[in-house]
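Following: one structure in structure tokens, then a few remarks.
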Amino acid sequence: MKQVSDDAIKQKGREIFAHMKGEKPRLFSRRNLTGRLLDWSMKQEALKIQLFKLIDVLPALQNSREVAEHSGDYLAYAHSSRILRVALAVAIRLPPLLNFVARQAVRQMASNFIIAPDAAAAIPRLRRMRDRRLTFTADILGETVLSEKEAGQYQQRYLRLIEDLADASRSWPDVEQLDSDGRGPIPKINVSVKVSALYSQIHPAAPEDAIEHLSIRLRPILHLAKERGVFINFDMEHYRLKDLTIELFKRMLSEPGASPHLGIALQAYLRDTAHDLRALMEWAFAHHRRITVRLVKGAYWDTESILARQREWPVPVFDHKHETDANYEDLAALMLENPGTIDCAFATHNVRSMAACIARAEALGREPRSYEIQMLYGMAEPIKQSLIRMGHRVREYCPLGEILPGMSYLVRRLLENTSNEGFLRATFGESVPVETLLADPREATPAPSIAWPVPPFRNEPHTDFAQAQARARMQAALKTVHAQFGQTYPLLIGNTEVHTSDELASINPSSPSEVVGVISQAGAEEADAAIIEAKAAFSHWSTTAPDSRAAILERAADLICAERFELAALEVYETGKAWEEADADVAEAVDFCRYYAGEMRRIASHVYEVPGELNIHEYKARGIAAIIAPWNFPLAILCGMTAAALVAGNCVILKPSEQSAVIGARLARLLREAGAPSGAVQYLPGHGARVGTYLVEHPDVAVIAFTGSKEVGLKIWEAAGRTKPGQLQLKKVVCEMGGKNAIIVGADADLDEAVPAIIASAFGYQGQKCSAASRLIALGPIHDRLVERLVEAASSLQVGPPEVSANIAGPVIDDTAFERIRKFIEEAKAYARLVYSGPIPEAEGYFIGPTIFSEVSPDSPLAQQEIFGPVLAVIRASNLEEALKFANRTEFALTGGLFSRSPRDIEHVKREFDVGNLYINRGITGALVARHPFGGGRMSGGGTKAGGGDYLPNFLVPRVVTVNLIRRGFVAPSEKS
Ligand code: NAD
């Protein structure tokens with residue numbers, strides 16, 4: 001690699017600055033409203049955040065009153081300056097004026113960054129840019145694509161844009177500075193395409209499905225572009241789409257007759273990019289292709305670093321800005337040194353970075369116009385002019401679109417211009433000396449790292465199925481599990497495997513003729529035998545040191561991890577879960593083991609001392625625990641209840657659900673392998689009404705941990721309250737039951753966020769989660785648009801056997817559920833409006849498509865009874881008060897949600913919505929151990945919170961031993977502590 005001295009780079013940078021002639025960008029002029037706003041917000045961080053939030057919500061507000069309320073609420077949080085507060089207080093009293101001024105201001109701000117709402121309006125501006133010797137790439141801004149209808153509309157918009165721009169440009173003069181390095185003219189028109197806009201169902205676990213669908217939508221765009229001589233660049237978006245985008249790009253380039261005018265963006269802030277760039281170059285070389293690479297820094301640093309940390313995944317971006325800058329220079333050098341395969345486009349506003357590119361290019365003897373420099377529309381004009389004066393080809397990235405869909409783009413630009421670490425703010429906002437701006441990023445003193453909160457408990461990360469290796473492991477596990485279909489599973493009583501004549505087949509709900517396993521069914525006789533074993537084991541197990549019991553759970557967690565793909569594959573087949581849902585259930589089981597192990601150590605024993613008196617607070621186990629679990633979280637719930645009871649020193653009898661008993665058998669085996677003694681963990685599958693009832697009523701059973709339906713839960717609660725002859729203690733019942741969970745959507749909600757979250761909450765695992773959203777309460781003004789987008793999004797979901805990773809919606813659990821849900825839907829048609837009923841695949845499984853009813857009365861069965869299937873009831877409310885009234889008007893109180901951007905509404909709902917788990921501006925399913933202790937009140941449960949700090953004591957009896965340390969007036973020193 002040819003070295004370029006830092007001095008040469010700095011010299012080039014000084015030249016760029018000199019050619020700027022002291023000009024300032026419009027944005028940083030205080031005469032411009034946006035400039036004034038940026039200036040204010042750079043001075044006050046709190047004001048900035050609130051102001052940008054207000055800008056973000058403004059286009060969604062319906063009237064002057066809402067604008068006044070939001071303005072007041074947001075800026076009240078900002079501790080803004082006195083002048084601003086007074087101005088605001090006056091403005092809020094004049095809502096129509098405030099509304100008018102605020103909207104004008106946002107429109108003006110947006111016009112700084114968005115060239116025009118559509119091609120017709122953009123064309124004259126793009127044409128004028130050529131007079132300034134600037135060229136462009138056009139991009140279409142837009143809402144997040146939530147449905148196939150929306151993706152199809154995007155495709156049409158790109159096609160129209162290409163046609164319109166190509167037509168218009170015919171009369172445009174050829175600008176010779178656009179010629180490339182003797183390789184023929186560069187297309188006059190350049191369009192940037194966002195891959196995510198062309199298919200609504202991109203799932204990390206199913207890249208092939210995404211590539212297939214994206215190819216279908218892209219081909220006409222690429223063909224037309226080739227025909228009309230238009231260059232197409234693939235934009236790079238979030239990290240999870242990176243590999244997919246690169247693969248798609250290569251496939252499109254490999255198609256016969258592919259246009260030579262294709263490019264792709266790569267992001268220097270990603271640690272992977274050096275590898276990706278090299279791989280792309282090797283590929284291009286091997287396939288005799290030249291490709292354009294637009295090297296950018298990357299626009300989603302906060303999201304990437306926060307989400308990865310939240311998921312406990314490796315953070316894909318560099319921690320520090322200077323690392324990205326240094327990487328940018330290295331990548332640029334690599335690109336420039338390979339002119340045979342790469343055409344370079346350097347996108348940056350950082351003069352040091354571009355100076356490094358130019359200096360390197362010069363050292364390599366490259367023509368200035370053999371590569372190009374790109375910057376965003378509306379930003380850094382003096383730098384653009386300077387480069388043009390120096391003879392460079394400069395391309396502006398020009399977004400087209402309406403303000404509302406373009407809002408997230410606008411806010412990103414505002415944040416970028418005001419970021420503490422941003423080059424533009426330093427150059428034009430704070431007049432940092434040129435030499436500082438041109439400093440070598442390798443020599444930068446790292447800014448202090450962000451002090452991210454460290455959670456007290458680390459959840460087991462979910463599998464990132466965007467990684468090819470993870471997908472391969474899951475495919476292999478599905479094969480292995482499929483090969484084991486039909487095995488028999490005996491009971492485990494003490495150390496003995498017991499086969500009974502009564503057997504039950506556990507079937508694959510996607511293909512009911514397939515038997516996943518045949519399970520022996522326990523009756524009273526086997527239950528008695530298990531109780532005898534448990535009684536015999538109790539004195540040893542309950543007195544085993546809590547730390548040793550905890551260590552067994554931790555070993556179990558490790559064993560589950562080692563088998564996680566097979567366990568997840570088993571869930572896919574036995575309970576019809578999609579890959580990611582199954583994987584999350586396995587991870588949750590691991591979390592329960594580790595979390596309760598830690599909790600047991602934490603609470604095992606405490607000393608409370610006063611002078612002369614020692615008080616030992618400790619716990620003892622209750623006795624025999626019957627664990628009665630449902631099928632819908634087949635491993636996690638069974639494992640969670642079992643782990644808690646076991647680590648507390650109780651002897652547990654596992655009674656899994658009939659529909660997921662094979663998974664139950666695997667868990668019992670794993671716990672025993674981890675070191676749980678024979679009588680401490682036994683496996684007793686059987687019919688709930690028979691063996692379940694028998695265990696509940698048995699006088700020797702001390703604890704019943706139940707999760708399931710309200711009907712069964714109430715029976716158990718009642719039966720456990722009846723004392724039997726010979727019973728020596730009160731039975732403790734931990735009882736978690738159903739829900740009829742509602743999400744309220746406020747008039748100012750961001751539908752781009754709300755719709756996918758509602759879809760996932762209502763139709764994830766076919767609505768068969770206790771936390772699932774089955775009611776949607778929409779405020780009047782947003783109701784129709786919400787229902788419309790929801791129906792489109794639901795109609796785009798792929799329903800089918802979940803072993804195919806692209807199928808996000810699978811079957812319901814069994815024939816009984818299938819018939820019950822279908823009957824419910826049929827009956828509901830008589831009193832509510834069926835707005836969507838998803839098609840079902842032609843397979844023998846128990847498939848029911850996503851179903852949406854609107855205009856549902858809040859008191860109708862649809863809105864009151866737990867259906868436990870993919871059925872969503874939309875209720876209209878005229879205001880928030882009414883929405884809350886409807887939301888609270890059921891017998892259940894499990895989960896609830898709100899989508900809103902009004903600080904006062906959020907506070908109101910936090911106070912008034914009576915549920916065990918309330919989620920604001922996110923989906924309402926997917927509770928994680930320790931982070932979101934889970935469980936509800938009223939008819940949803942007894943208020944115990946699984947995965948929380950107060951769960952274990954339910955399985956224990958507290959005890960206090962008090963020792964008087966005073967003997968004849970003195971306390972012996974050794975007894976003092
Ligand atoms: P279910 O009530 O039919 O069965 C649950 C368990 O109880 C099974 O093991 C079953 O065999 C057993 N059982 C059945 N009748 C019994 C009886 N008379 N005595 C003792 N045991 C008996 O529930 P399900 O269909 O497996 O699960 C779905 C239900 O579970 C839904 O209502 C859902 O909301 C609820 N659930 C609640 C939570 C929560 O945390 N609140 C979590 C998951 C599921």
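The way I read the labels, and the way they are meant: chains A, B, ... in the order of the structure tokens, residue 1 as the first residue of every chain, and ligand 1 as the first ligand shown, with later ones counted on from there.
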Find the residues of chain A that sit at most 7 Å from ligand 1; for each, write down the nearest two atoms and how far apart they are in Å, to one decimal. Count only C-alpha atoms and all ligand atoms. Sort by chain, then by number going up, and give it as JSON lines.
```
{"residue": "A:Ile628", "atom": "CA", "partner": "ligand 1", "partner_atom_place_in_ligand_line": "9 (O)", "distance": 4.8}
{"residue": "A:Ala629", "atom": "CA", "partner": "ligand 1", "partner_atom_place_in_ligand_line": "9 (O)", "distance": 4.4}
{"residue": "A:Pro630", "atom": "CA", "partner": "ligand 1", "partner_atom_place_in_ligand_line": "26 (O)", "distance": 3.3}
{"residue": "A:Trp631", "atom": "CA", "partner": "ligand 1", "partner_atom_place_in_ligand_line": "26 (O)", "distance": 4.8}
{"residue": "A:Asn632", "atom": "CA", "partner": "ligand 1", "partner_atom_place_in_ligand_line": "43 (C)", "distance": 6.1}
{"residue": "A:Phe633", "atom": "CA", "partner": "ligand 1", "partner_atom_place_in_ligand_line": "43 (C)", "distance": 6.4}
{"residue": "A:Lys655", "atom": "CA", "partner": "ligand 1", "partner_atom_place_in_ligand_line": "9 (O)", "distance": 6.0}
{"residue": "A:Pro656", "atom": "CA", "partner": "ligand 1", "partner_atom_place_in_ligand_line": "9 (O)", "distance": 4.9}
{"residue": "A:Ser657", "atom": "CA", "partner": "ligand 1", "partner_atom_place_in_ligand_line": "9 (O)", "distance": 3.5}
{"residue": "A:Glu658", "atom": "CA", "partner": "ligand 1", "partner_atom_place_in_ligand_line": "11 (O)", "distance": 5.7}
{"residue": "A:Gly686", "atom": "CA", "partner": "ligand 1", "partner_atom_place_in_ligand_line": "11 (O)", "distance": 6.9}
{"residue": "A:His687", "atom": "CA", "partner": "ligand 1", "partner_atom_place_in_ligand_line": "11 (O)", "distance": 5.5}
{"residue": "A:Gly688", "atom": "CA", "partner": "ligand 1", "partner_atom_place_in_ligand_line": "11 (O)", "distance": 3.3}
{"residue": "A:Ala689", "atom": "CA", "partner": "ligand 1", "partner_atom_place_in_ligand_line": "18 (N)", "distance": 3.9}
{"residue": "A:Arg690", "atom": "CA", "partner": "ligand 1", "partner_atom_place_in_ligand_line": "17 (C)", "distance": 6.9}
{"residue": "A:Gly692", "atom": "CA", "partner": "ligand 1", "partner_atom_place_in_ligand_line": "20 (C)", "distance": 3.6}
{"residue": "A:Thr693", "atom": "CA", "partner": "ligand 1", "partner_atom_place_in_ligand_line": "19 (N)", "distance": 4.0}
{"residue": "A:Val696", "atom": "CA", "partner": "ligand 1", "partner_atom_place_in_ligand_line": "20 (C)", "distance": 6.5}
{"residue": "A:Phe706", "atom": "CA", "partner": "ligand 1", "partner_atom_place_in_ligand_line": "7 (O)", "distance": 6.9}
{"residue": "A:Thr707", "atom": "CA", "partner": "ligand 1", "partner_atom_place_in_ligand_line": "37 (C)", "distance": 5.2}
{"residue": "A:Gly708", "atom": "CA", "partner": "ligand 1", "partner_atom_place_in_ligand_line": "30 (O)", "distance": 3.0}
{"residue": "A:Ser709", "atom": "CA", "partner": "ligand 1", "partner_atom_place_in_ligand_line": "32 (O)", "distance": 3.3}
{"residue": "A:Lys710", "atom": "CA", "partner": "ligand 1", "partner_atom_place_in_ligand_line": "32 (O)", "distance": 5.9}
{"residue": "A:Glu711", "atom": "CA", "partner": "ligand 1", "partner_atom_place_in_ligand_line": "2 (O)", "distance": 6.6}
{"residue": "A:Val712", "atom": "CA", "partner": "ligand 1", "partner_atom_place_in_ligand_line": "2 (O)", "distance": 4.7}
{"residue": "A:Gly713", "atom": "CA", "partner": "ligand 1", "partner_atom_place_in_ligand_line": "2 (O)", "distance": 6.5}
{"residue": "A:Lys715", "atom": "CA", "partner": "ligand 1", "partner_atom_place_in_ligand_line": "18 (N)", "distance": 6.5}
{"residue": "A:Ile716", "atom": "CA", "partner": "ligand 1", "partner_atom_place_in_ligand_line": "19 (N)", "distance": 6.0}
{"residue": "A:Glu736", "atom": "CA", "partner": "ligand 1", "partner_atom_place_in_ligand_line": "41 (N)", "distance": 4.0}
{"residue": "A:Met737", "atom": "CA", "partner": "ligand 1", "partner_atom_place_in_ligand_line": "41 (N)", "distance": 4.1}
{"residue": "A:Gly738", "atom": "CA", "partner": "ligand 1", "partner_atom_place_in_ligand_line": "34 (O)", "distance": 3.1}
{"residue": "A:Gly739", "atom": "CA", "partner": "ligand 1", "partner_atom_place_in_ligand_line": "34 (O)", "distance": 5.4}
{"residue": "A:Lys769", "atom": "CA", "partner": "ligand 1", "partner_atom_place_in_ligand_line": "43 (C)", "distance": 6.2}
{"residue": "A:Cys770", "atom": "CA", "partner": "ligand 1", "partner_atom_place_in_ligand_line": "34 (O)", "distance": 3.6}
{"residue": "A:Glu866", "atom": "CA", "partner": "ligand 1", "partner_atom_place_in_ligand_line": "32 (O)", "distance": 7.0}
{"residue": "A:Phe868", "atom": "CA", "partner": "ligand 1", "partner_atom_place_in_ligand_line": "31 (C)", "distance": 6.6}
{"residue": "A:Leu894", "atom": "CA", "partner": "ligand 1", "partner_atom_place_in_ligand_line": "41 (N)", "distance": 6.9}
{"residue": "A:Phe934", "atom": "CA", "partner": "ligand 1", "partner_atom_place_in_ligand_line": "40 (O)", "distance": 6.7}
{"residue": "A:Gly935", "atom": "CA", "partner": "ligand 1", "partner_atom_place_in_ligand_line": "40 (O)", "distance": 5.4}
{"residue": "A:Gly936", "atom": "CA", "partner": "ligand 1", "partner_atom_place_in_ligand_line": "41 (N)", "distance": 6.5}
{"residue": "A:Ser940", "atom": "CA", "partner": "ligand 1", "partner_atom_place_in_ligand_line": "41 (N)", "distance": 5.9}
{"residue": "A:Gly941", "atom": "CA", "partner": "ligand 1", "partner_atom_place_in_ligand_line": "41 (N)", "distance": 6.3}
```
Would you list the contacts of Leu779 in chain A as a PDB file with N, CA and C atoms, in the first residue's frame, taking every protein, DNA or RNA residue within 9 Å and counting only C-alpha atoms, but skipping same-chain residues closer than 6 positions in sequence?
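Everything below was put into selection-v4.pdb:
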```pdb
ATOM      1  N   ILE A 744     -53.405   0.904  23.269  1.00  0.00           N
ATOM      2  CA  ILE A 744     -54.078   2.166  22.933  1.00  0.00           C
ATOM      3  C   ILE A 744     -53.183   2.916  21.947  1.00  0.00           C
ATOM      4  N   VAL A 745     -53.795   3.424  20.892  1.00  0.00           N
ATOM      5  CA  VAL A 745     -52.995   4.193  19.930  1.00  0.00           C
ATOM      6  C   VAL A 745     -53.510   5.625  19.916  1.00  0.00           C
ATOM      7  N   GLY A 746     -52.665   6.534  20.380  1.00  0.00           N
ATOM      8  CA  GLY A 746     -53.037   7.952  20.458  1.00  0.00           C
ATOM      9  C   GLY A 746     -53.031   8.587  19.075  1.00  0.00           C
ATOM     10  N   ALA A 747     -53.705   9.735  18.979  1.00  0.00           N
ATOM     11  CA  ALA A 747     -53.833  10.392  17.676  1.00  0.00           C
ATOM     12  C   ALA A 747     -52.488  10.859  17.134  1.00  0.00           C
ATOM     13  N   ILE A 875     -61.204  -1.296  18.494  1.00  0.00           N
ATOM     14  CA  ILE A 875     -62.272  -0.534  19.152  1.00  0.00           C
ATOM     15  C   ILE A 875     -61.973   0.943  18.934  1.00  0.00           C
ATOM     16  N   ARG A 876     -63.008   1.700  18.615  1.00  0.00           N
ATOM     17  CA  ARG A 876     -62.796   3.130  18.381  1.00  0.00           C
ATOM     18  C   ARG A 876     -63.079   3.899  19.669  1.00  0.00           C
ATOM     19  N   ALA A 877     -62.228   4.833  20.019  1.00  0.00           N
ATOM     20  CA  ALA A 877     -62.479   5.660  21.204  1.00  0.00           C
ATOM     21  C   ALA A 877     -62.396   7.124  20.808  1.00  0.00           C
ATOM     22  N   SER A 878     -63.236   7.943  21.458  1.00  0.00           N
ATOM     23  CA  SER A 878     -63.238   9.334  21.022  1.00  0.00           C
ATOM     24  C   SER A 878     -62.139  10.152  21.695  1.00  0.00           C
ATOM     25  N   ASN A 879     -61.697   9.725  22.860  1.00  0.00           N
ATOM     26  CA  ASN A 879     -60.589  10.441  23.499  1.00  0.00           C
ATOM     27  C   ASN A 879     -59.842   9.491  24.427  1.00  0.00           C
ATOM     28  N   LEU A 880     -58.778   9.986  25.023  1.00  0.00           N
ATOM     29  CA  LEU A 880     -57.930   9.102  25.817  1.00  0.00           C
ATOM     30  C   LEU A 880     -58.665   8.566  27.043  1.00  0.00           C
ATOM     31  N   ALA A 883     -60.684   5.758  25.968  1.00  0.00           N
ATOM     32  CA  ALA A 883     -59.813   4.623  25.609  1.00  0.00           C
ATOM     33  C   ALA A 883     -59.393   3.882  26.880  1.00  0.00           C
TER      34      ALA A 883
END
```
Item checked: Nearby residues (only C-alpha atoms) at most 9 Å from range 757-765 of chain A, same-chain spacing under 6 positions excluded, as a ChimeraX atom specification -> /A:576-578,581,632,743,771-776,790,793-794,808-812,850-851,869-872,921-926
Check: Quick one: residues within 10 Å of Asp752 in chain A, only C-alpha atoms counted, chain neighbours fewer than 6 positions away excluded, as a ChimeraX atom specification?
Finding: /A:143-146,405,786,789
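Those residues that approach Ile704 in chain A to within 10 Å, counting only C-alpha atoms, are A:Ile624, A:Ala625, A:Ala626, A:Ile627, A:Ile628, A:Met641, A:Ala645, A:Val652, A:Ile653, A:Gly692, A:Leu695, A:Val696, A:Glu697, A:Ile716, A:Trp717, A:Ala720, A:Lys731, A:Lys732, A:Val733, A:Val734, A:Cys735, A:Phe955; same-chain residues fewer than 4 positions away are not listed.
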Deliver the residues from the most recent selection as a file, using C-alpha atoms, as an mmCIF file, in the first residue's frame.
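Contents of the output file selection30.cif:
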```cif
data_model
loop_
_atom_site.group_PDB
_atom_site.id
_atom_site.type_symbol
_atom_site.label_atom_id
_atom_site.label_comp_id
_atom_site.auth_asym_id
_atom_site.auth_seq_id
_atom_site.Cartn_x
_atom_site.Cartn_y
_atom_site.Cartn_z
ATOM 1 C CA ILE A 624 -43.415 -31.136 47.283
ATOM 2 C CA ALA A 625 -44.164 -28.816 44.369
ATOM 3 C CA ALA A 626 -46.444 -29.713 41.467
ATOM 4 C CA ILE A 627 -45.500 -27.748 38.356
ATOM 5 C CA ILE A 628 -48.422 -27.523 35.961
ATOM 6 C CA MET A 641 -41.575 -22.557 37.577
ATOM 7 C CA ALA A 645 -39.277 -24.390 43.148
ATOM 8 C CA VAL A 652 -40.662 -30.942 42.036
ATOM 9 C CA ILE A 653 -42.981 -33.012 39.927
ATOM 10 C CA GLY A 692 -53.203 -32.547 37.350
ATOM 11 C CA LEU A 695 -51.634 -33.691 42.321
ATOM 12 C CA VAL A 696 -53.424 -30.468 43.224
ATOM 13 C CA GLU A 697 -55.654 -32.234 45.707
ATOM 14 C CA ILE A 716 -56.934 -25.162 41.088
ATOM 15 C CA TRP A 717 -57.158 -22.096 43.338
ATOM 16 C CA ALA A 720 -56.076 -26.037 46.842
ATOM 17 C CA LYS A 731 -51.108 -25.148 50.072
ATOM 18 C CA LYS A 732 -49.416 -22.297 48.329
ATOM 19 C CA VAL A 733 -50.683 -21.604 44.800
ATOM 20 C CA VAL A 734 -48.743 -19.561 42.285
ATOM 21 C CA CYS A 735 -51.323 -18.955 39.601
ATOM 22 C CA PHE A 955 -41.737 -21.280 47.122
#
```
Notebook entry, point to check: Which polymer residues have any atom within 7 Å of an atom of range 496-512 of chain A, counting only C-alpha atoms, with same-chain residues fewer than 5 positions away left out, as a PyMOL selection string?
Noted result: chain A and resi 490-491+517-521+573-576+659-660+801+811-814+844-846
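The smallest atom-to-atom distance between Leu364 in chain A and any of A:Asp325, A:Val4, A:Leu295, A:Ala119, using only C-alpha atoms, is found for A:Val4.
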Next item on the list: For Leu27 in chain A, list every protein, DNA or RNA residue within 12 Å, evaluated using only C-alpha atoms, and leave out those in the same chain fewer than 5 positions away; present the list as a ChimeraX atom specification.
Entry: /A:32-39,108-113,377-382,413-414,417-418,424-425,428-429
Note to self: as a ChimeraX atom specification, please: every residue in range 784-920 of chain A that a backbone DSSP assignment puts in strand (DSSP E or B).
What the structure shows: /A:799,809,811,833-837,847,851-854,871-877,892-893,895-899,917-920
Checklist line | Pick from A:Arg395, A:Lys250, A:Arg360, A:His288, whichever lies nearest to Ser5 in chain A using only C-alpha atoms | finding: A:Arg360
Margin query: Can you measure CA of Leu58 in chain A to CA of Leu918 in chain A for me? One decimal in Å is fine.
Written below: 25.7 Å
Next item on the list: Would you mind writing down, as an MDAnalysis selection string, each residue of range 767-854 of chain A that DSSP on the backbone assigns to helix (DSSP H, G or I)?
Entry: chainID A and resid 767 780:795 815:828
Kindly export the residues of the current selection with N, CA and C atoms, as a CSV table (one decimal), in the first residue's frame.
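Result file follows (again-v9.csv):
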```
chain,number,residue,atom,x,y,z
A,767,GLY,N,-50.9,-15.3,17.9
A,767,GLY,CA,-51.7,-14.7,19.0
A,767,GLY,C,-51.8,-15.6,20.2
A,780,GLY,N,-60.0,8.3,17.6
A,780,GLY,CA,-60.8,8.7,16.4
A,780,GLY,C,-59.9,9.2,15.3
A,781,PRO,N,-59.1,10.2,15.4
A,781,PRO,CA,-58.5,10.8,14.2
A,781,PRO,C,-57.5,9.8,13.5
A,782,ILE,N,-57.0,8.9,14.3
A,782,ILE,CA,-56.0,8.0,13.7
A,782,ILE,C,-56.6,6.6,13.2
A,783,HIS,N,-57.8,6.4,13.7
A,783,HIS,CA,-58.4,5.1,13.5
A,783,HIS,C,-58.4,4.6,12.1
A,784,ASP,N,-58.9,5.3,11.2
A,784,ASP,CA,-59.0,4.8,9.8
A,784,ASP,C,-57.7,4.5,9.2
A,785,ARG,N,-56.8,5.4,9.3
A,785,ARG,CA,-55.4,5.2,8.7
A,785,ARG,C,-54.7,4.0,9.3
A,786,LEU,N,-54.9,3.9,10.7
A,786,LEU,CA,-54.3,2.8,11.4
A,786,LEU,C,-54.8,1.5,10.9
A,787,VAL,N,-56.2,1.4,10.8
A,787,VAL,CA,-56.8,0.1,10.3
A,787,VAL,C,-56.3,-0.2,8.9
A,788,GLU,N,-56.3,0.8,8.1
A,788,GLU,CA,-55.9,0.6,6.7
A,788,GLU,C,-54.4,0.0,6.6
A,789,ARG,N,-53.5,0.6,7.4
A,789,ARG,CA,-52.1,0.2,7.3
A,789,ARG,C,-52.0,-1.2,8.0
A,790,LEU,N,-52.8,-1.4,9.0
A,790,LEU,CA,-52.7,-2.7,9.7
A,790,LEU,C,-53.2,-3.8,8.8
A,791,VAL,N,-54.3,-3.6,8.1
A,791,VAL,CA,-54.8,-4.6,7.3
A,791,VAL,C,-53.8,-4.9,6.2
A,792,GLU,N,-53.2,-3.9,5.6
A,792,GLU,CA,-52.2,-4.1,4.5
A,792,GLU,C,-51.0,-4.9,5.1
A,793,ALA,N,-50.6,-4.5,6.3
A,793,ALA,CA,-49.4,-5.2,6.9
A,793,ALA,C,-49.8,-6.7,7.2
A,794,ALA,N,-51.0,-6.9,7.8
A,794,ALA,CA,-51.4,-8.3,8.1
A,794,ALA,C,-51.4,-9.1,6.8
A,795,SER,N,-51.9,-8.5,5.8
A,795,SER,CA,-52.1,-9.3,4.5
A,795,SER,C,-50.7,-9.6,3.9
A,815,ASP,N,-56.4,-29.3,17.1
A,815,ASP,CA,-57.7,-29.3,16.4
A,815,ASP,C,-58.8,-28.6,17.3
A,816,THR,N,-58.7,-28.8,18.6
A,816,THR,CA,-59.7,-28.2,19.5
A,816,THR,C,-59.5,-26.6,19.4
A,817,ALA,N,-58.3,-26.1,19.5
A,817,ALA,CA,-58.1,-24.7,19.4
A,817,ALA,C,-58.6,-24.2,18.0
A,818,PHE,N,-58.3,-25.0,17.0
A,818,PHE,CA,-58.6,-24.6,15.6
A,818,PHE,C,-60.2,-24.4,15.5
A,819,GLU,N,-60.9,-25.4,16.0
A,819,GLU,CA,-62.4,-25.4,15.9
A,819,GLU,C,-62.9,-24.2,16.7
A,820,ARG,N,-62.4,-24.1,17.9
A,820,ARG,CA,-62.9,-23.0,18.8
A,820,ARG,C,-62.7,-21.6,18.2
A,821,ILE,N,-61.5,-21.4,17.7
A,821,ILE,CA,-61.2,-20.1,17.2
A,821,ILE,C,-62.0,-19.8,16.0
A,822,ARG,N,-62.2,-20.8,15.1
A,822,ARG,CA,-63.0,-20.6,13.9
A,822,ARG,C,-64.4,-20.3,14.2
A,823,LYS,N,-64.9,-21.0,15.3
A,823,LYS,CA,-66.3,-20.7,15.7
A,823,LYS,C,-66.5,-19.3,16.2
A,824,PHE,N,-65.5,-18.9,17.0
A,824,PHE,CA,-65.5,-17.5,17.5
A,824,PHE,C,-65.6,-16.5,16.4
A,825,ILE,N,-64.7,-16.7,15.4
A,825,ILE,CA,-64.7,-15.8,14.3
A,825,ILE,C,-66.0,-15.7,13.6
A,826,GLU,N,-66.6,-16.9,13.3
A,826,GLU,CA,-67.9,-17.0,12.6
A,826,GLU,C,-68.9,-16.2,13.4
A,827,GLU,N,-69.0,-16.4,14.7
A,827,GLU,CA,-70.0,-15.8,15.5
A,827,GLU,C,-69.8,-14.3,15.6
A,828,ALA,N,-68.5,-13.9,15.6
A,828,ALA,CA,-68.2,-12.4,15.7
A,828,ALA,C,-68.7,-11.6,14.5
```
Check: Which is closer to Ser305 in chain A than all the others in A:Ile450, A:Pro117, A:Lys384, A:Leu334, using only C-alpha atoms?
Finding: A:Ile450
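When only C-alpha atoms are used to measure the gap to Val296 in chain A, the shortest distance among A:Lys53, A:Arg666, A:His349, A:Arg369 belongs to A:His349.
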Using only C-alpha atoms, tabulate the residues of range 394-496 of chain A lying at most 9 Å from any atom of range 523-531 of chain A, each with its closest atom pair and that distance in Å to one decimal, by chain and increasing residue number, as a tab-separated table.
```
residue	atom	partner	partner_atom	distance
A:Leu491	CA	A:Glu526	CA	8.6
A:Leu492	CA	A:Ala530	CA	8.5
A:Ile493	CA	A:Ala530	CA	5.3
A:Gly494	CA	A:Ala530	CA	6.8
```
May I have the residues from that selection written out with N, CA and C atoms, as a PDB file, in the first residue's frame?
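Saved as selection_34.pdb:
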```pdb
ATOM      1  N   LEU A 491     -42.440 -42.012  31.678  1.00  0.00           N
ATOM      2  CA  LEU A 491     -42.415 -41.149  32.876  1.00  0.00           C
ATOM      3  C   LEU A 491     -41.057 -41.338  33.539  1.00  0.00           C
ATOM      4  N   LEU A 492     -40.704 -40.428  34.396  1.00  0.00           N
ATOM      5  CA  LEU A 492     -39.483 -40.602  35.168  1.00  0.00           C
ATOM      6  C   LEU A 492     -39.873 -40.473  36.639  1.00  0.00           C
ATOM      7  N   ILE A 493     -39.904 -41.647  37.311  1.00  0.00           N
ATOM      8  CA  ILE A 493     -40.301 -41.657  38.722  1.00  0.00           C
ATOM      9  C   ILE A 493     -39.109 -42.150  39.515  1.00  0.00           C
ATOM     10  N   GLY A 494     -38.612 -41.325  40.408  1.00  0.00           N
ATOM     11  CA  GLY A 494     -37.345 -41.653  41.058  1.00  0.00           C
ATOM     12  C   GLY A 494     -36.310 -41.819  39.958  1.00  0.00           C
TER      13      GLY A 494
END
```
